[in-house]
Amino acid sequence: MESNGSMEQILQNGKLYRQVNSLIVTHLRDNNFTQAASAVASATMTPLNVEVPPNRLVELVAKGLAVERDDTVRGFSGALGLGGSITSSHGAATNFSSTQGTKGLSKSFLKHETRHLSEHKDVARCARFSSDGRFFATGSADTSIKLFEVSKIKQMMLPDSRDSSARTVTRTFYDHTQPINDLDFHPHSSILISGAKDCTIKFFDLSKATAKKAFRLIQDTHNVRSISFHPSGDFVLAGTDHPVPHLYDVNTFQCYLSANMPEFGDNAAINQVRYSSSGGMYVTASKDGAIRLWDGVSANCVRTIPAAHGTAEVTGVTFTKDHRFVLSCGKDSNVKLWEVASGRLARQYVGATHTQLRCQAVFNDTEELVISIDERNNEIVTWDAMTAERVARYPSNHNGPPRWIEHSPVEAAFVTCGTDRSVRYWKETI
């Protein structure tokens, strides 16, 4: 009996090892570490083309760490006394590798209602949702940052609401000396960061109700144009007027630069930088018209897509949930979807003019739709993400075209920020 039990245990261990090897090979392969994936596959006799759901290794590690910590890591919503924790899973990723569907199968963009929430004293330049979608923040040229609570906005927008003028701004921060360029929320803690033209990244503690100033800052040497937290929260990326992204350790504030310098155009300032959901890669959109993909561990540039938008600068860029594709927006009035592994153009979304502002293009929460801005007609434009068919156009309700659009990660709602200084919230009409 002992012999049979030992044999059964050996077989179970062997099966487990094969599963682990498959997860490692798939993770390396899907993150474009082709040479490493091939080496592990060869050493462990694992098929290089083994099929495993995207991000499966990352998901299992995250669950294991959560159990190890007895689920004590709470989101910033809990820190504000509202209960609940930030979750990072928002549905399955869309498979953009499949062939395009027919236009008759395009998703519809349901009618949205919108409400003016607040005004800055100058242009509203950027916005960002928390990962649980319960809050968002906006930054302005007036150097202020406003924090909004989504539940209060929804209450205000109810048809029978008696408090249509409810205060939706929960906090306003003043600590920069020049316009705010970008914002981001810590993935696990009650921290909001901001990047600005005053060459600083500032950290604001949202758990302290009376705090209006930053409690920490990173002093960069350039205009901080874009920022992005690593999914672990331990590092911050800064896209600046310098062509190479600056990677900061949030505990030591030590700055790391890539030792592998790609070729740059005359003006390669970074308009936007974003991490992939796994943190294995990050992507930059530059004024020289290039999209660059960087290794999240070595910080080396692993792929450059030159002239991604012709001779125009790339104004925005973001990964799909499975980090196999990148969505970009440029001043050539095009929105494009690129395959990370090959650099090939997979989709192109046309029919919206944006040539002046640093406009964004975003996915909705399910990645079934792409949303951007038409400057010339002052409209919000939506495409089916798979078929690239334009499915809706709506007036922006701003006085002049919005300069920023940010979608909730968890529901059919988004925010627009305008040159008219206003902030508007949009939600799907049920």
# chains A, B, ... in the order shown; residues from 1 in each chain; ligands from 1
$ residues_around --residues "region 130-142 of chain A" --least-positions-apart "5" --cutoff "9 Å" --atoms "only C-alpha atoms" --output "number ranges by chain"
A: 75-77, 85-88, 120-125, 147-151, 177-188, 192, 194, 408-411, 415, 417, 421, 423
$ write_last_selection --atoms "C-alpha atoms" --output "JSON list (two decimals), in the first residue's frame"
[["chain", "number", "residue", "atom", "x", "y", "z"],
["A", 75, "GLY", "CA", -8.21, 48.80, -1.89],
["A", 76, "PHE", "CA", -8.31, 52.48, -1.28],
["A", 77, "SER", "CA", -12.12, 52.30, -1.05],
["A", 85, "SER", "CA", -11.30, 46.01, -1.88],
["A", 86, "ILE", "CA", -9.94, 46.85, -5.25],
["A", 87, "THR", "CA", -10.23, 43.99, -7.68],
["A", 88, "SER", "CA", -8.16, 43.60, -10.79],
["A", 120, "HIS", "CA", -11.81, 73.71, -12.93],
["A", 121, "LYS", "CA", -10.56, 77.27, -13.14],
["A", 122, "ASP", "CA", -8.65, 76.42, -16.31],
["A", 123, "VAL", "CA", -8.57, 73.62, -18.92],
["A", 124, "ALA", "CA", -9.44, 70.16, -17.54],
["A", 125, "ARG", "CA", -6.47, 68.21, -18.93],
["A", 147, "LEU", "CA", -11.45, 63.56, -6.59],
["A", 148, "PHE", "CA", -14.98, 62.35, -7.45],
["A", 149, "GLU", "CA", -17.05, 59.57, -5.89],
["A", 150, "VAL", "CA", -19.02, 57.65, -8.52],
["A", 151, "SER", "CA", -21.80, 56.49, -6.18],
["A", 177, "THR", "CA", 3.00, 74.93, -9.45],
["A", 178, "GLN", "CA", 2.31, 74.15, -13.12],
["A", 179, "PRO", "CA", -0.43, 72.29, -15.11],
["A", 180, "ILE", "CA", -1.26, 68.65, -14.32],
["A", 181, "ASN", "CA", -0.55, 66.25, -17.19],
["A", 182, "ASP", "CA", -1.58, 62.82, -15.90],
["A", 183, "LEU", "CA", -2.86, 60.90, -12.87],
["A", 184, "ASP", "CA", -2.91, 57.34, -11.55],
["A", 185, "PHE", "CA", -4.21, 55.43, -8.54],
["A", 186, "HIS", "CA", -2.12, 52.97, -6.57],
["A", 187, "PRO", "CA", -3.46, 49.47, -7.37],
["A", 188, "HIS", "CA", -3.73, 48.43, -3.70],
["A", 192, "LEU", "CA", -3.17, 59.02, -5.87],
["A", 194, "SER", "CA", 0.05, 63.16, -10.33],
["A", 408, "SER", "CA", -14.51, 53.08, -16.21],
["A", 409, "PRO", "CA", -12.76, 49.71, -15.89],
["A", 410, "VAL", "CA", -15.86, 48.00, -14.44],
["A", 411, "GLU", "CA", -19.03, 49.40, -16.05],
["A", 415, "VAL", "CA", -15.54, 60.76, -18.16],
["A", 417, "CYS", "CA", -12.53, 66.63, -19.72],
["A", 421, "ARG", "CA", -12.75, 73.63, -18.07],
["A", 423, "VAL", "CA", -15.83, 67.63, -16.32]]
$ residues_around --residues "Ala308 (chain A)" --least-positions-apart "6" --cutoff "12 Å" --atoms "only C-alpha atoms" --output "mmCIF file with all heavy atoms, in the first residue's frame"
data_model
loop_
_atom_site.group_PDB
_atom_site.id
_atom_site.type_symbol
_atom_site.label_atom_id
_atom_site.label_comp_id
_atom_site.auth_asym_id
_atom_site.auth_seq_id
_atom_site.Cartn_x
_atom_site.Cartn_y
_atom_site.Cartn_z
ATOM 1 N N THR A 284 5.139 53.123 -24.856
ATOM 2 C CA THR A 284 5.204 54.581 -24.917
ATOM 3 C C THR A 284 4.706 55.084 -26.269
ATOM 4 O O THR A 284 4.920 54.443 -27.293
ATOM 5 C CB THR A 284 6.640 55.094 -24.688
ATOM 6 O OG1 THR A 284 7.528 54.466 -25.629
ATOM 7 C CG2 THR A 284 7.105 54.804 -23.285
ATOM 8 N N ALA A 285 4.035 56.217 -26.229
ATOM 9 C CA ALA A 285 3.590 56.919 -27.429
ATOM 10 C C ALA A 285 4.369 58.224 -27.506
ATOM 11 O O ALA A 285 4.357 59.011 -26.548
ATOM 12 C CB ALA A 285 2.089 57.206 -27.355
ATOM 13 N N SER A 286 5.054 58.460 -28.629
ATOM 14 C CA SER A 286 5.999 59.574 -28.686
ATOM 15 C C SER A 286 5.667 60.604 -29.755
ATOM 16 O O SER A 286 4.975 60.316 -30.732
ATOM 17 C CB SER A 286 7.418 59.045 -28.926
ATOM 18 O OG SER A 286 7.821 58.193 -27.878
ATOM 19 N N LYS A 287 6.208 61.794 -29.547
ATOM 20 C CA LYS A 287 6.008 62.878 -30.490
ATOM 21 C C LYS A 287 6.692 62.620 -31.833
ATOM 22 O O LYS A 287 6.313 63.220 -32.842
ATOM 23 C CB LYS A 287 6.523 64.195 -29.904
ATOM 24 C CG LYS A 287 5.568 64.885 -28.945
ATOM 25 C CD LYS A 287 6.164 66.182 -28.442
ATOM 26 C CE LYS A 287 5.134 67.060 -27.753
ATOM 27 N NZ LYS A 287 4.186 67.650 -28.697
ATOM 28 N N ASP A 288 7.694 61.735 -31.841
ATOM 29 C CA ASP A 288 8.367 61.446 -33.108
ATOM 30 C C ASP A 288 7.585 60.455 -33.973
ATOM 31 O O ASP A 288 8.069 59.997 -35.004
ATOM 32 C CB ASP A 288 9.794 60.940 -32.864
ATOM 33 C CG ASP A 288 9.841 59.593 -32.157
ATOM 34 O OD1 ASP A 288 8.770 59.052 -31.822
ATOM 35 O OD2 ASP A 288 10.953 59.075 -31.943
ATOM 36 N N GLY A 289 6.370 60.104 -33.532
ATOM 37 C CA GLY A 289 5.492 59.246 -34.320
ATOM 38 C C GLY A 289 5.651 57.768 -34.070
ATOM 39 O O GLY A 289 4.997 56.949 -34.722
ATOM 40 N N ALA A 290 6.509 57.383 -33.128
ATOM 41 C CA ALA A 290 6.782 55.966 -32.879
ATOM 42 C C ALA A 290 6.046 55.459 -31.646
ATOM 43 O O ALA A 290 5.822 56.193 -30.678
ATOM 44 C CB ALA A 290 8.277 55.731 -32.713
ATOM 45 N N ILE A 291 5.681 54.184 -31.710
ATOM 46 C CA ILE A 291 5.212 53.432 -30.551
ATOM 47 C C ILE A 291 6.355 52.492 -30.170
ATOM 48 O O ILE A 291 6.896 51.795 -31.020
ATOM 49 C CB ILE A 291 3.948 52.620 -30.873
ATOM 50 C CG1 ILE A 291 2.782 53.547 -31.208
ATOM 51 C CG2 ILE A 291 3.586 51.705 -29.705
ATOM 52 C CD1 ILE A 291 1.568 52.824 -31.747
ATOM 53 N N ARG A 292 6.721 52.490 -28.894
ATOM 54 C CA ARG A 292 7.822 51.639 -28.443
ATOM 55 C C ARG A 292 7.357 50.736 -27.312
ATOM 56 O O ARG A 292 6.676 51.190 -26.388
ATOM 57 C CB ARG A 292 9.022 52.483 -28.010
ATOM 58 C CG ARG A 292 9.639 53.263 -29.163
ATOM 59 C CD ARG A 292 10.842 54.095 -28.724
ATOM 60 N NE ARG A 292 11.451 54.746 -29.879
ATOM 61 C CZ ARG A 292 11.084 55.957 -30.335
ATOM 62 N NH1 ARG A 292 10.135 56.640 -29.705
ATOM 63 N NH2 ARG A 292 11.661 56.469 -31.403
ATOM 64 N N VAL A 314 2.072 60.394 -32.000
ATOM 65 C CA VAL A 314 1.150 59.478 -31.327
ATOM 66 C C VAL A 314 0.774 60.106 -29.994
ATOM 67 O O VAL A 314 1.638 60.429 -29.181
ATOM 68 C CB VAL A 314 1.798 58.098 -31.100
ATOM 69 C CG1 VAL A 314 0.752 57.103 -30.598
ATOM 70 C CG2 VAL A 314 2.444 57.580 -32.374
ATOM 71 N N THR A 315 -0.529 60.293 -29.758
ATOM 72 C CA THR A 315 -0.968 61.022 -28.572
ATOM 73 C C THR A 315 -1.402 60.129 -27.422
ATOM 74 O O THR A 315 -1.396 60.548 -26.272
ATOM 75 C CB THR A 315 -2.132 61.968 -28.927
ATOM 76 O OG1 THR A 315 -3.176 61.202 -29.555
ATOM 77 C CG2 THR A 315 -1.664 63.065 -29.875
ATOM 78 N N GLY A 316 -1.794 58.892 -27.730
ATOM 79 C CA GLY A 316 -2.252 58.002 -26.672
ATOM 80 C C GLY A 316 -2.016 56.553 -27.024
ATOM 81 O O GLY A 316 -1.976 56.181 -28.198
ATOM 82 N N VAL A 317 -1.863 55.716 -25.992
ATOM 83 C CA VAL A 317 -1.604 54.298 -26.218
ATOM 84 C C VAL A 317 -2.004 53.514 -24.975
ATOM 85 O O VAL A 317 -1.851 53.993 -23.850
ATOM 86 C CB VAL A 317 -0.113 54.078 -26.563
ATOM 87 C CG1 VAL A 317 0.775 54.351 -25.373
ATOM 88 C CG2 VAL A 317 0.131 52.713 -27.138
ATOM 89 N N VAL A 326 -2.030 46.576 -28.710
ATOM 90 C CA VAL A 326 -1.935 47.942 -28.217
ATOM 91 C C VAL A 326 -2.837 48.830 -29.058
ATOM 92 O O VAL A 326 -2.808 48.762 -30.294
ATOM 93 C CB VAL A 326 -0.479 48.449 -28.292
ATOM 94 C CG1 VAL A 326 -0.416 49.959 -28.164
ATOM 95 C CG2 VAL A 326 0.373 47.794 -27.210
ATOM 96 N N LEU A 327 -3.646 49.645 -28.392
ATOM 97 C CA LEU A 327 -4.515 50.608 -29.070
ATOM 98 C C LEU A 327 -3.839 51.970 -29.039
ATOM 99 O O LEU A 327 -3.413 52.430 -27.984
ATOM 100 C CB LEU A 327 -5.868 50.685 -28.361
ATOM 101 C CG LEU A 327 -6.936 51.575 -29.007
ATOM 102 C CD1 LEU A 327 -7.468 50.944 -30.291
ATOM 103 C CD2 LEU A 327 -8.080 51.836 -28.019
ATOM 104 N N SER A 328 -3.736 52.616 -30.209
ATOM 105 C CA SER A 328 -3.064 53.917 -30.277
ATOM 106 C C SER A 328 -3.958 54.958 -30.941
ATOM 107 O O SER A 328 -4.850 54.638 -31.731
ATOM 108 C CB SER A 328 -1.743 53.812 -31.048
ATOM 109 O OG SER A 328 -1.987 53.564 -32.430
ATOM 110 N N CYS A 329 -3.692 56.201 -30.599
ATOM 111 C CA CYS A 329 -4.399 57.344 -31.180
ATOM 112 C C CYS A 329 -3.355 58.354 -31.630
ATOM 113 O O CYS A 329 -2.346 58.563 -30.948
ATOM 114 C CB CYS A 329 -5.328 57.958 -30.131
ATOM 115 S SG CYS A 329 -6.364 59.312 -30.731
ATOM 116 N N GLY A 330 -3.563 58.964 -32.795
ATOM 117 C CA GLY A 330 -2.578 59.908 -33.309
ATOM 118 C C GLY A 330 -3.211 61.146 -33.901
ATOM 119 O O GLY A 330 -4.428 61.209 -34.135
ATOM 120 N N LYS A 331 -2.382 62.138 -34.165
ATOM 121 C CA LYS A 331 -2.867 63.397 -34.742
ATOM 122 C C LYS A 331 -3.101 63.306 -36.250
ATOM 123 O O LYS A 331 -3.302 64.327 -36.903
ATOM 124 C CB LYS A 331 -1.895 64.534 -34.413
ATOM 125 C CG LYS A 331 -1.953 64.950 -32.937
ATOM 126 C CD LYS A 331 -1.157 66.220 -32.690
ATOM 127 C CE LYS A 331 -1.305 66.673 -31.243
ATOM 128 N NZ LYS A 331 -0.560 67.930 -30.969
ATOM 129 N N ASP A 332 -3.098 62.081 -36.790
ATOM 130 C CA ASP A 332 -3.478 61.871 -38.187
ATOM 131 C C ASP A 332 -4.959 61.530 -38.298
ATOM 132 O O ASP A 332 -5.432 61.120 -39.351
ATOM 133 C CB ASP A 332 -2.642 60.744 -38.798
ATOM 134 C CG ASP A 332 -2.859 59.415 -38.088
ATOM 135 O OD1 ASP A 332 -3.398 59.422 -36.947
ATOM 136 O OD2 ASP A 332 -2.508 58.376 -38.654
ATOM 137 N N ASN A 334 -6.504 59.024 -36.866
ATOM 138 C CA ASN A 334 -6.723 57.580 -36.900
ATOM 139 C C ASN A 334 -6.539 56.978 -35.520
ATOM 140 O O ASN A 334 -5.727 57.454 -34.713
ATOM 141 C CB ASN A 334 -5.752 56.897 -37.870
ATOM 142 C CG ASN A 334 -6.156 57.102 -39.323
ATOM 143 O OD1 ASN A 334 -7.318 56.910 -39.681
ATOM 144 N ND2 ASN A 334 -5.210 57.484 -40.156
ATOM 145 N N VAL A 335 -7.305 55.938 -35.275
ATOM 146 C CA VAL A 335 -7.121 55.087 -34.099
ATOM 147 C C VAL A 335 -6.737 53.710 -34.627
ATOM 148 O O VAL A 335 -7.376 53.197 -35.553
ATOM 149 C CB VAL A 335 -8.407 55.008 -33.254
ATOM 150 C CG1 VAL A 335 -8.224 54.051 -32.090
ATOM 151 C CG2 VAL A 335 -8.806 56.395 -32.757
ATOM 152 N N LYS A 336 -5.689 53.100 -34.063
ATOM 153 C CA LYS A 336 -5.170 51.855 -34.620
ATOM 154 C C LYS A 336 -4.932 50.819 -33.529
ATOM 155 O O LYS A 336 -4.631 51.150 -32.385
ATOM 156 C CB LYS A 336 -3.855 52.111 -35.378
ATOM 157 C CG LYS A 336 -4.007 53.059 -36.573
ATOM 158 C CD LYS A 336 -2.690 53.263 -37.308
ATOM 159 C CE LYS A 336 -2.859 54.181 -38.512
ATOM 160 N NZ LYS A 336 -1.595 54.338 -39.279
ATOM 161 N N LEU A 337 -5.060 49.549 -33.915
ATOM 162 C CA LEU A 337 -4.793 48.427 -33.032
ATOM 163 C C LEU A 337 -3.621 47.639 -33.587
ATOM 164 O O LEU A 337 -3.639 47.211 -34.743
ATOM 165 C CB LEU A 337 -6.029 47.528 -32.912
ATOM 166 C CG LEU A 337 -5.940 46.389 -31.895
ATOM 167 C CD1 LEU A 337 -6.006 46.949 -30.467
ATOM 168 C CD2 LEU A 337 -7.081 45.386 -32.104
ATOM 169 N N TRP A 338 -2.581 47.438 -32.754
ATOM 170 C CA TRP A 338 -1.340 46.803 -33.188
ATOM 171 C C TRP A 338 -1.116 45.498 -32.437
ATOM 172 O O TRP A 338 -1.361 45.414 -31.232
ATOM 173 C CB TRP A 338 -0.152 47.727 -32.913
ATOM 174 C CG TRP A 338 -0.280 49.080 -33.514
ATOM 175 C CD1 TRP A 338 -0.864 50.183 -32.948
ATOM 176 C CD2 TRP A 338 0.172 49.498 -34.808
ATOM 177 N NE1 TRP A 338 -0.792 51.263 -33.803
ATOM 178 C CE2 TRP A 338 -0.157 50.866 -34.957
ATOM 179 C CE3 TRP A 338 0.834 48.848 -35.849
ATOM 180 C CZ2 TRP A 338 0.144 51.598 -36.085
ATOM 181 C CZ3 TRP A 338 1.145 49.576 -36.988
ATOM 182 C CH2 TRP A 338 0.806 50.926 -37.114
ATOM 183 N N GLY A 343 4.144 43.496 -34.342
ATOM 184 C CA GLY A 343 4.142 44.906 -34.707
ATOM 185 C C GLY A 343 3.240 45.212 -35.887
ATOM 186 O O GLY A 343 3.226 46.332 -36.398
ATOM 187 N N ARG A 344 2.443 44.248 -36.322
ATOM 188 C CA ARG A 344 1.574 44.464 -37.489
ATOM 189 C C ARG A 344 0.318 45.230 -37.086
ATOM 190 O O ARG A 344 -0.146 45.161 -35.938
ATOM 191 C CB ARG A 344 1.172 43.129 -38.135
ATOM 192 C CG ARG A 344 0.176 42.315 -37.336
ATOM 193 C CD ARG A 344 -0.291 41.071 -38.070
ATOM 194 N NE ARG A 344 -1.245 40.309 -37.244
ATOM 195 C CZ ARG A 344 -2.556 40.527 -37.254
ATOM 196 N NH1 ARG A 344 -3.071 41.470 -38.022
ATOM 197 N NH2 ARG A 344 -3.348 39.792 -36.471
ATOM 198 N N LEU A 345 -0.244 45.958 -38.048
ATOM 199 C CA LEU A 345 -1.498 46.674 -37.841
ATOM 200 C C LEU A 345 -2.647 45.675 -37.953
ATOM 201 O O LEU A 345 -2.832 45.038 -38.982
ATOM 202 C CB LEU A 345 -1.648 47.786 -38.876
ATOM 203 C CG LEU A 345 -2.943 48.606 -38.812
ATOM 204 C CD1 LEU A 345 -3.033 49.371 -37.499
ATOM 205 C CD2 LEU A 345 -3.016 49.577 -39.995
ATOM 206 N N GLN A 348 -7.995 49.268 -37.850
ATOM 207 C CA GLN A 348 -7.905 50.718 -37.977
ATOM 208 C C GLN A 348 -9.308 51.285 -37.868
ATOM 209 O O GLN A 348 -10.235 50.829 -38.547
ATOM 210 C CB GLN A 348 -7.260 51.120 -39.303
ATOM 211 C CG GLN A 348 -7.009 52.614 -39.443
ATOM 212 C CD GLN A 348 -6.018 52.934 -40.550
ATOM 213 O OE1 GLN A 348 -5.042 52.216 -40.733
ATOM 214 N NE2 GLN A 348 -6.263 54.002 -41.271
#
$ select_by_dssp --residues "region 131-192 of chain A" --states "alpha helix (DSSP H)" --output "list in words"
Val150, Ser151, Lys152, Ile153, Lys154, Gln155, Met156 and Met157 of chain A
$ select_by_dssp --residues "region 135-261 of chain A" --states "strand (DSSP E)" --output "ChimeraX atom specification"
/A:135-140,144-149,169-174,180-185,191-196,200-205,216-219,224-229,235-240,246-249,255-256
$ atom_distance --atom1 "CA of Ile218 (chain A)" --atom2 "CA of Ser277 (chain A)"
23.8 Å
$ closest_residue --among "A:Val302, A:Leu237, A:Ile153, A:Thr168" --to "Glu119 (chain A)" --atoms "only C-alpha atoms"
A:Thr168
$ decode --residues "region 12-54 of chain A" --atoms "C-alpha atoms" --output "PDB file, in the first residue's frame"
ATOM      1  CA  GLN A  12       0.417  13.690  -9.117  1.00  0.00           C
ATOM      2  CA  ASN A  13       3.634  15.655  -8.681  1.00  0.00           C
ATOM      3  CA  GLY A  14       4.609  14.959 -12.274  1.00  0.00           C
ATOM      4  CA  LYS A  15       1.256  16.248 -13.492  1.00  0.00           C
ATOM      5  CA  LEU A  16       1.635  19.374 -11.359  1.00  0.00           C
ATOM      6  CA  TYR A  17       5.159  20.007 -12.687  1.00  0.00           C
ATOM      7  CA  ARG A  18       3.897  19.705 -16.261  1.00  0.00           C
ATOM      8  CA  GLN A  19       1.163  22.238 -15.545  1.00  0.00           C
ATOM      9  CA  VAL A  20       3.661  24.636 -13.987  1.00  0.00           C
ATOM     10  CA  ASN A  21       6.022  24.246 -16.948  1.00  0.00           C
ATOM     11  CA  SER A  22       3.163  24.934 -19.361  1.00  0.00           C
ATOM     12  CA  LEU A  23       2.210  28.088 -17.458  1.00  0.00           C
ATOM     13  CA  ILE A  24       5.803  29.358 -17.487  1.00  0.00           C
ATOM     14  CA  VAL A  25       6.314  28.659 -21.198  1.00  0.00           C
ATOM     15  CA  THR A  26       3.011  30.324 -22.110  1.00  0.00           C
ATOM     16  CA  HIS A  27       3.739  33.353 -19.932  1.00  0.00           C
ATOM     17  CA  LEU A  28       7.173  33.864 -21.490  1.00  0.00           C
ATOM     18  CA  ARG A  29       5.872  33.276 -25.023  1.00  0.00           C
ATOM     19  CA  ASP A  30       2.905  35.631 -24.702  1.00  0.00           C
ATOM     20  CA  ASN A  31       5.116  38.355 -23.237  1.00  0.00           C
ATOM     21  CA  ASN A  32       7.441  38.099 -26.241  1.00  0.00           C
ATOM     22  CA  PHE A  33      10.334  36.443 -24.364  1.00  0.00           C
ATOM     23  CA  THR A  34      10.631  34.037 -27.273  1.00  0.00           C
ATOM     24  CA  GLN A  35      14.189  32.914 -26.638  1.00  0.00           C
ATOM     25  CA  ALA A  36      13.537  32.229 -22.961  1.00  0.00           C
ATOM     26  CA  ALA A  37      10.279  30.430 -23.764  1.00  0.00           C
ATOM     27  CA  SER A  38      12.080  28.194 -26.262  1.00  0.00           C
ATOM     28  CA  ALA A  39      14.824  27.400 -23.749  1.00  0.00           C
ATOM     29  CA  VAL A  40      12.357  26.449 -20.993  1.00  0.00           C
ATOM     30  CA  ALA A  41      10.222  24.454 -23.439  1.00  0.00           C
ATOM     31  CA  SER A  42      13.262  22.504 -24.616  1.00  0.00           C
ATOM     32  CA  ALA A  43      14.606  21.867 -21.117  1.00  0.00           C
ATOM     33  CA  THR A  44      11.255  20.671 -19.759  1.00  0.00           C
ATOM     34  CA  MET A  45      10.021  18.933 -22.930  1.00  0.00           C
ATOM     35  CA  THR A  46       6.982  21.229 -23.001  1.00  0.00           C
ATOM     36  CA  PRO A  47       5.400  22.087 -26.387  1.00  0.00           C
ATOM     37  CA  LEU A  48       6.174  25.702 -27.271  1.00  0.00           C
ATOM     38  CA  ASN A  49       2.651  26.114 -28.665  1.00  0.00           C
ATOM     39  CA  VAL A  50       0.943  24.785 -25.526  1.00  0.00           C
ATOM     40  CA  GLU A  51      -2.485  26.406 -25.012  1.00  0.00           C
ATOM     41  CA  VAL A  52      -3.114  28.135 -21.694  1.00  0.00           C
ATOM     42  CA  PRO A  53      -5.607  30.986 -21.036  1.00  0.00           C
ATOM     43  CA  PRO A  54      -3.960  34.443 -21.218  1.00  0.00           C
TER      44      PRO A  54
END
